[in-house]
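Here the structure comes first, spelled out in structure tokens, and everything after it is commentary.
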Amino acid sequence: METRDYSRIGGQPEDAAQMVPAPEVELWFVREVLPLEASLMRFLRSSFRNAGELADLRQDIYAELIEAAKREIPASAKSFLFTLARHTMIDRMRRLRVVPMDTISDLEKLGLASEAPSADRVVIAREELRHLRAAIDRLPPRYRETVVMARIDGLSGREIALRLNLDESTVSHYIKKGLQLLADTLYGELPGELA
Amino acid sequence: MSGDTGRAEPRPIETVEDEAAGWLWRQHQSGLQEADQAAFDQWLATSSRHLAAYWRLRATWNRTERLAALRRSQPQKNTRSTKPSWPVIRLAAIVCSVALLGSAVVYGWTTREDAYATRLGERATVALADGSKIQLNTNTAVSVSMGPWWRTVVLKRGEAYFDVRHDETRPFSVLAAGHRITDLGTEFVARTSGDKLEVTLVQGRARLETASASVQHHATDLTPGEVAVATADSISVARIPARQITNALAWRVGKLAFSHVTLAEAASEFNRYNQTKLIIDPKVADLQVSGTFDAGSIGTFANMARFAFGLRVEKRSHEIVVSNP
């Protein structure tokens with residue numbers, strides 16, 4: 001059986017001018033970008049004083065990233081993400097007008113940011129389950145209860161409301177908030193940071 | 001820098017995330033009605049911040065699905081509990097899972113995402129609106145997204161046969177294991193396991209590329225009779241005899257065809273289709289077999305091993321062990 005090996009031959013994306021299909025952007029975002037969130041948050045935390053704005057900042061960066069990926073998927077998610085992070089940060093500081101000195105010195109450090117170790121991107125299945133469990137366990141009781149009922153037991157909002165003797169809207173509130181907390185833990189923190 | 005997305009009046013992240021989670025929860029519970037769908041599409045198209053929040057929470061939601069798998073040692077709650085049997089072609093369109101119902105609006109266009117799946121031993125054919133057809137083999141899941149300038153199928157697991165109606169303006173691509181197959185007018189089979197993708201080209205031409213996001217970009221064009229195997233960092237292509245291609249396609253009519261494969265290889269093929277697993281003693285694993293079998297009749301195959309090779313066949317509750325007498 002004759003075998004050819006193409007590993008060394010580079011190709012050209014021929015439809016670079018075309019928009020990238022939405023499912024491809026999403027797949028790329030979930031696979032390549034979200035696993036870097038823990039590192040990103042670490043940099044943002046270490047360089048930006050106002051903790052209340054971190055999530056907003058993150059979202060701005062993601063939005064820009066998606067805009068760019070719609071045109072063409074960046075070759076390296078990591079270097080692109082951190083370049084964007086740096087620019088967004090500078091941008092934000094300009095708008096603040098008054099820039100505290102220590103923030104500026106931190107910004108220089110950010111140059112190194114893109115070289116920093118990335119989050120653990122390849123999580124083996126067992127590790128992933130442990131990680132998921134730890135994240136669920138960390139949810140406040142009501143959030144945990146409702147998320148587990150919805151996600152593991154497969155109950156509807158109405159069924160959960162009946163069992164817990166709550167309003168359906170309250171259940172929906174817990175689940176929505178629980179999901180956000182889960183995302184922050186699962187993506188925003190390194191697996192090692194989980195107790 | 002470009003893309004002043006939502007900068008004019010950025011909505012607080014808490015609000016956006018709350019809305020994103022709300023959509024997810026509604027989709028999961030009951031699906032969206034026409035009017036809701038339009039509202040959702042509009043919401044998603046408003047800003048890339050919305051897209052980011054929705055995708056991020058949807059990924060989180062999907063990840064928690066693995067926990068459910070832990071709990072569910074019994075068959076899934078809302079799937080019928082009848083044992084899947086080979087001749088029964090049942091299309092398990094998983095409508096209630098969010099990943100499936102999710103629709104996306106991008107650049108002001110609406111697109112719907114549909115998901116199809118088969119269980120162990122099932123087959124199904126999906127006819128797409130553009131005239132293309134996808135045939136799903138056992139234990140296979142795909143999601144299909146049709147947009148104004150794309151037709152994208154994600155092969156999540158398993159094996160499928162693609163018969164693609166060529167359309168220059170809407171390239172048909174299949175994403176699997178981080179690789180992409182783009183149709184250049186074609187019929188092909190794609191099979192994925194882990195990070196490996198195997199593509200067998202039956203007719204026409206197709207291009208195979210490794211993940212678009214990877215640093216190195218490999219691509220190769222396939223012609224009929226070629227089988228490409230792509231892993232995370234390489235693509236290798238081999239030409240195989242027509243006979244072998246015919247064998248590889250036998251599943252489309254419910255058969256498994258072998259010519260000179262080892263007993264172990266044949267058994268692992270059968271095991272893709274049946275709850276009862278064939279276990280071959282390593283001492284006899286290298287015996288060569290040829291023949292065509294019904295994929296669902298594992299017993300026939302075991303009998304062949306007994307009569308043709310004089311092997312010992314021992315039936316247990318969920319397995320059949322083949323060994324030296």
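Residues in the structure tokens are numbered from 1 in each chain, the chains being A, B, ... in the order shown, and ligands are numbered from 1 in the order shown.
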Could you find all residues in segment 86-270 of chain B that DSSP calls strand (DSSP E or B) from the backbone, and write them as a ChimeraX atom specification? /B:92,103-106,109-117,124-127,133-136,141-147,150-163,172-176,179-193,196-209,218-222,226-230,235-239,255-262
Quick one: residues within 10 Å of Ile175 of chain A, only C-alpha atoms counted, chain neighbours fewer than 3 positions away excluded, as a count of residues only? 22
Identify, with DSSP run on backbone atoms, the residues in segment 72-319 of chain B assigned to alpha helix (DSSP H), and express the list as a PyMOL selection string. chain B and resi 98-101+242-248+263-271+298-309
Shortest interatomic distance to chain B - which of A:Arg71, A:Glu127, A:Phe43, A:Pro23, counting only C-alpha atoms: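 Closest residue, counting only C-alpha atoms: A:Pro23.
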Interatomic distance between atom CA of Val164 of chain B and atom CA of Lys133 of chain B? 6.4 Å
Residues near segment 60-70 of chain A, cut-off 8 Å, only C-alpha atoms, skip fewer than 3 positions along chain, as a PyMOL selection string: (chain A and resi 19-22+25+29+56-57+73-74+80-81+84-85+88) or (chain B and resi 2-5+47-49+51-52)
Thr140 of chain B environment, 10 Å, only C-alpha atoms, sequence neighbours closer than 4 positions dropped, as a count of residues only: 19
Residue nearest Leu139 of chain A among A:Lys177, A:Asp167, A:Ala38, A:Arg158 (counting only C-alpha atoms):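 Once distances to Leu139 of chain A are computed over only C-alpha atoms, the minimum belongs to A:Lys177.
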Which neighbours of Arg31 of chain A fall inside 10 Å, counting only C-alpha atoms, when residues of the same chain fewer than 4 positions from it are skipped, and could you give them as a count of residues only? 10
